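Student: Next up, upload.cif (mmCIF, C-alpha atoms).
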```cif
data_protein
#
loop_
_atom_site.label_atom_id
_atom_site.label_comp_id
_atom_site.auth_asym_id
_atom_site.auth_seq_id
_atom_site.Cartn_x
_atom_site.Cartn_y
_atom_site.Cartn_z
CA MET A 1330 73.34 64.26 25.14
CA VAL A 1331 75.34 63.29 22.03
CA LYS A 1332 73.80 59.81 22.06
CA LEU A 1333 70.33 61.33 22.12
CA ILE A 1334 71.13 63.51 19.10
CA PHE A 1335 72.51 60.55 17.13
CA ALA A 1336 69.53 58.38 18.08
CA THR A 1337 67.12 61.11 16.96
CA LEU A 1338 69.04 61.56 13.71
CA ALA A 1339 69.02 57.81 13.03
CA LEU A 1340 65.28 57.60 13.71
CA ALA A 1341 64.57 60.57 11.45
CA MET A 1342 66.63 59.04 8.63
CA ALA A 1343 64.73 55.75 8.96
CA PHE A 1344 61.41 57.52 8.46
CA VAL A 1345 62.65 59.65 5.57
CA ALA A 1346 64.26 56.76 3.64
CA ALA A 1347 62.30 55.58 0.61
CA PRO A 1348 60.89 52.06 0.75
CA ALA A 1349 62.77 49.43 -1.23
CA GLN A 1350 61.26 48.33 -4.53
CA ALA A 1351 61.14 44.80 -5.83
CA GLN A 1352 62.64 43.88 -9.17
CA TRP A 1353 60.69 45.57 -11.94
CA TYR A 1354 61.25 42.97 -14.62
CA ASP A 1355 59.58 39.56 -14.82
CA SER A 1356 61.88 37.13 -16.63
CA SER A 1357 59.08 35.03 -18.15
CA HIS A 1358 57.98 37.46 -20.93
CA PRO A 1359 60.13 39.14 -23.62
CA ILE A 1360 58.35 42.53 -23.79
CA CYS A 1361 57.58 44.99 -20.97
CA LEU A 1362 55.26 48.00 -20.83
CA HIS A 1363 56.87 50.88 -18.92
CA VAL A 1364 54.04 53.04 -17.54
CA PHE A 1365 54.78 56.64 -16.48
CA GLY A 1366 52.89 59.35 -14.64
CA GLU A 1367 51.07 60.19 -11.48
CA LEU A 1368 47.68 58.81 -12.49
CA GLU A 1369 48.74 55.21 -12.98
CA GLY A 1370 52.02 55.28 -11.09
CA GLU A 1371 55.36 54.33 -12.56
CA ARG A 1372 55.72 50.60 -13.08
CA MET A 1373 56.84 47.84 -15.44
CA ASP A 1374 54.32 45.32 -16.72
CA CYS A 1375 56.23 42.41 -18.25
CA VAL A 1376 53.31 40.35 -19.51
CA PHE A 1377 53.60 40.70 -23.30
CA THR A 1378 54.74 38.13 -25.84
CA SER A 1379 55.06 40.51 -28.79
CA LEU A 1380 55.91 44.15 -29.42
CA ALA A 1381 52.65 44.68 -31.34
CA GLN A 1382 50.61 43.40 -28.38
CA CYS A 1383 52.42 45.79 -26.04
CA GLU A 1384 52.10 48.78 -28.40
CA ALA A 1385 48.35 48.23 -28.66
CA THR A 1386 48.10 48.38 -24.88
CA ALA A 1387 50.37 51.45 -24.67
CA SER A 1388 48.39 53.38 -27.29
CA GLY A 1389 46.93 56.59 -25.84
CA ARG A 1390 48.70 56.24 -22.51
CA SER A 1391 51.89 57.69 -21.10
CA ALA A 1392 53.72 54.42 -21.59
CA MET A 1393 56.29 52.81 -23.84
CA CYS A 1394 57.28 49.27 -24.75
CA GLU A 1395 60.74 47.90 -23.99
CA VAL A 1396 62.55 44.67 -24.62
CA ASN A 1397 62.94 42.79 -21.35
CA PRO A 1398 66.69 42.59 -20.61
CA TYR A 1399 66.08 39.79 -18.10
CA PHE A 1400 63.99 37.55 -20.36
CA ALA A 1401 64.94 33.90 -19.90
CA PRO A 1402 63.19 31.65 -22.43
CA VAL A 1403 62.20 28.24 -21.15
CA SER A 1404 63.86 25.39 -23.01
CA ARG A 1405 61.49 22.93 -24.66
CA PHE A 1406 63.90 20.11 -24.01
CA ALA A 1407 65.06 19.04 -20.59
CA PRO A 1408 68.80 18.66 -20.22
CA ILE A 1409 70.01 15.09 -20.56
CA PRO A 1410 71.47 13.90 -17.29
CA ARG A 1411 75.03 12.61 -17.58
CA ARG A 1412 75.87 9.23 -16.20
CA ARG A 1413 78.61 9.03 -13.68
CA ARG A 1414 81.30 6.47 -14.23
CA HIS A 1415 82.75 4.87 -11.16
#
```
Rewrite the coordinates I just gave you, this time as structure tokens.
Tutor:
Amino acid sequence: MVKLIFATLALAMAFVAAPAQAQWYDSSHPICLHVFGELEGERMDCVFTSLAQCEATASGRSAMCEVNPYFAPVSRFAPIPRRRRH
């Protein structure tokens, strides 16, 4: 009987648990648009290269622009491979 109760509890908790979300931030762009609200859903759109570009998109919406904390600029120069001395 106790096993049945625990199994039922575990099954109920599995259905109630919220689904996992992927990482919100894309590391390829420096500016993100954080959208709020029930109409558009809460999300991060990290597709902007400038703050002005993001602010123009956010204008009139329940959204705000944020600096992407995970931005990783791509280096223009490839690293120089080191030679191994034997």
Student: Need to verify the contact set: region 1354-1365 of chain A, 6 Å, only C-alpha atoms, exclusion of same-chain residues closer than 2 positions in sequence. Can you return it as a list in words?
Tutor: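 With the cut-off at 6 Å, the set is Gln1352, Glu1371, Arg1372, Met1373, Asp1374, Cys1375, Val1376, Phe1377, Thr1378, Ser1391, Ala1392, Met1393, Cys1394, Glu1395, Val1396, Asn1397, Tyr1399, Phe1400 and Ala1401 of chain A.
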Student: So how many Å separate CA of Glu1369 (chain A) and CA of Glu1384 (chain A), to one decimal?
Tutor: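 Separation of CA of Glu1369 (chain A) and CA of Glu1384 (chain A): 17.0 Å.
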Student: Could you please determine the separation between CA of Pro1402 (chain A) and CA of Ser1388 (chain A) in Å, to one decimal place?
Tutor: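 Pair CA of Pro1402 (chain A) / CA of Ser1388 (chain A) returns 26.7 Å.
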Student: To one decimal place, how far is CA of Leu1368 (chain A) from CA of Ala1387 (chain A) in Å?
Tutor: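 That distance, rounded to one decimal, is 14.5 Å.
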Student: Could you model N, CA and C atoms for region 1382-1412 of chain A and present them as a tab-separated table (two decimals), in the frame of the given file?
Tutor:
```tsv
chain	number	residue	atom	x	y	z
A	1382	GLN	N	51.57	43.55	-29.48
A	1382	GLN	CA	50.61	43.40	-28.38
A	1382	GLN	C	50.84	44.49	-27.33
A	1383	CYS	N	52.08	44.77	-27.02
A	1383	CYS	CA	52.42	45.79	-26.04
A	1383	CYS	C	52.06	47.18	-26.57
A	1384	GLU	N	52.39	47.46	-27.82
A	1384	GLU	CA	52.10	48.78	-28.40
A	1384	GLU	C	50.60	49.06	-28.46
A	1385	ALA	N	49.80	48.04	-28.68
A	1385	ALA	CA	48.35	48.23	-28.66
A	1385	ALA	C	47.87	48.62	-27.27
A	1386	THR	N	48.46	48.05	-26.26
A	1386	THR	CA	48.10	48.38	-24.88
A	1386	THR	C	48.61	49.77	-24.49
A	1387	ALA	N	49.77	50.16	-25.00
A	1387	ALA	CA	50.37	51.45	-24.67
A	1387	ALA	C	49.72	52.62	-25.41
A	1388	SER	N	48.98	52.34	-26.46
A	1388	SER	CA	48.39	53.38	-27.29
A	1388	SER	C	47.48	54.30	-26.47
A	1389	GLY	N	47.75	55.60	-26.54
A	1389	GLY	CA	46.93	56.59	-25.84
A	1389	GLY	C	47.28	56.78	-24.38
A	1390	ARG	N	48.29	56.12	-23.90
A	1390	ARG	CA	48.70	56.24	-22.51
A	1390	ARG	C	50.12	56.79	-22.43
A	1391	SER	N	50.50	57.26	-21.27
A	1391	SER	CA	51.89	57.69	-21.10
A	1391	SER	C	52.69	56.45	-20.73
A	1392	ALA	N	53.02	55.68	-21.77
A	1392	ALA	CA	53.72	54.42	-21.59
A	1392	ALA	C	54.53	54.12	-22.83
A	1393	MET	N	55.51	53.24	-22.69
A	1393	MET	CA	56.29	52.81	-23.84
A	1393	MET	C	56.68	51.35	-23.66
A	1394	CYS	N	56.93	50.68	-24.77
A	1394	CYS	CA	57.28	49.27	-24.75
A	1394	CYS	C	58.80	49.12	-24.80
A	1395	GLU	N	59.30	48.16	-24.06
A	1395	GLU	CA	60.74	47.90	-23.99
A	1395	GLU	C	60.99	46.41	-24.07
A	1396	VAL	N	62.13	46.06	-24.62
A	1396	VAL	CA	62.55	44.67	-24.62
A	1396	VAL	C	63.02	44.34	-23.21
A	1397	ASN	N	62.59	43.21	-22.70
A	1397	ASN	CA	62.94	42.79	-21.35
A	1397	ASN	C	64.39	42.30	-21.32
A	1398	PRO	N	65.29	43.01	-20.64
A	1398	PRO	CA	66.69	42.59	-20.61
A	1398	PRO	C	66.92	41.34	-19.77
A	1399	TYR	N	65.94	40.95	-18.97
A	1399	TYR	CA	66.08	39.79	-18.10
A	1399	TYR	C	65.28	38.59	-18.58
A	1400	PHE	N	64.79	38.64	-19.82
A	1400	PHE	CA	63.99	37.55	-20.36
A	1400	PHE	C	64.81	36.27	-20.43
A	1401	ALA	N	64.26	35.20	-19.89
A	1401	ALA	CA	64.94	33.90	-19.90
A	1401	ALA	C	63.98	32.88	-20.51
A	1402	PRO	N	64.11	32.60	-21.81
A	1402	PRO	CA	63.19	31.65	-22.43
A	1402	PRO	C	63.34	30.26	-21.81
A	1403	VAL	N	62.21	29.59	-21.71
A	1403	VAL	CA	62.20	28.24	-21.15
A	1403	VAL	C	62.54	27.26	-22.27
A	1404	SER	N	63.46	26.38	-22.02
A	1404	SER	CA	63.86	25.39	-23.01
A	1404	SER	C	62.76	24.34	-23.17
A	1405	ARG	N	62.51	23.95	-24.41
A	1405	ARG	CA	61.49	22.93	-24.66
A	1405	ARG	C	62.01	21.55	-24.30
A	1406	PHE	N	63.30	21.41	-24.27
A	1406	PHE	CA	63.90	20.11	-24.01
A	1406	PHE	C	64.62	20.15	-22.67
A	1407	ALA	N	64.38	19.14	-21.88
A	1407	ALA	CA	65.06	19.04	-20.59
A	1407	ALA	C	66.50	18.61	-20.83
A	1408	PRO	N	67.41	19.09	-20.04
A	1408	PRO	CA	68.80	18.66	-20.22
A	1408	PRO	C	68.94	17.16	-19.96
A	1409	ILE	N	69.79	16.53	-20.71
A	1409	ILE	CA	70.01	15.09	-20.56
A	1409	ILE	C	70.99	14.88	-19.41
A	1410	PRO	N	70.56	14.12	-18.42
A	1410	PRO	CA	71.47	13.90	-17.29
A	1410	PRO	C	72.66	13.03	-17.72
A	1411	ARG	N	73.82	13.37	-17.26
A	1411	ARG	CA	75.03	12.61	-17.58
A	1411	ARG	C	75.20	11.48	-16.57
A	1412	ARG	N	75.62	10.35	-17.09
A	1412	ARG	CA	75.87	9.23	-16.20
A	1412	ARG	C	77.26	9.37	-15.58
```
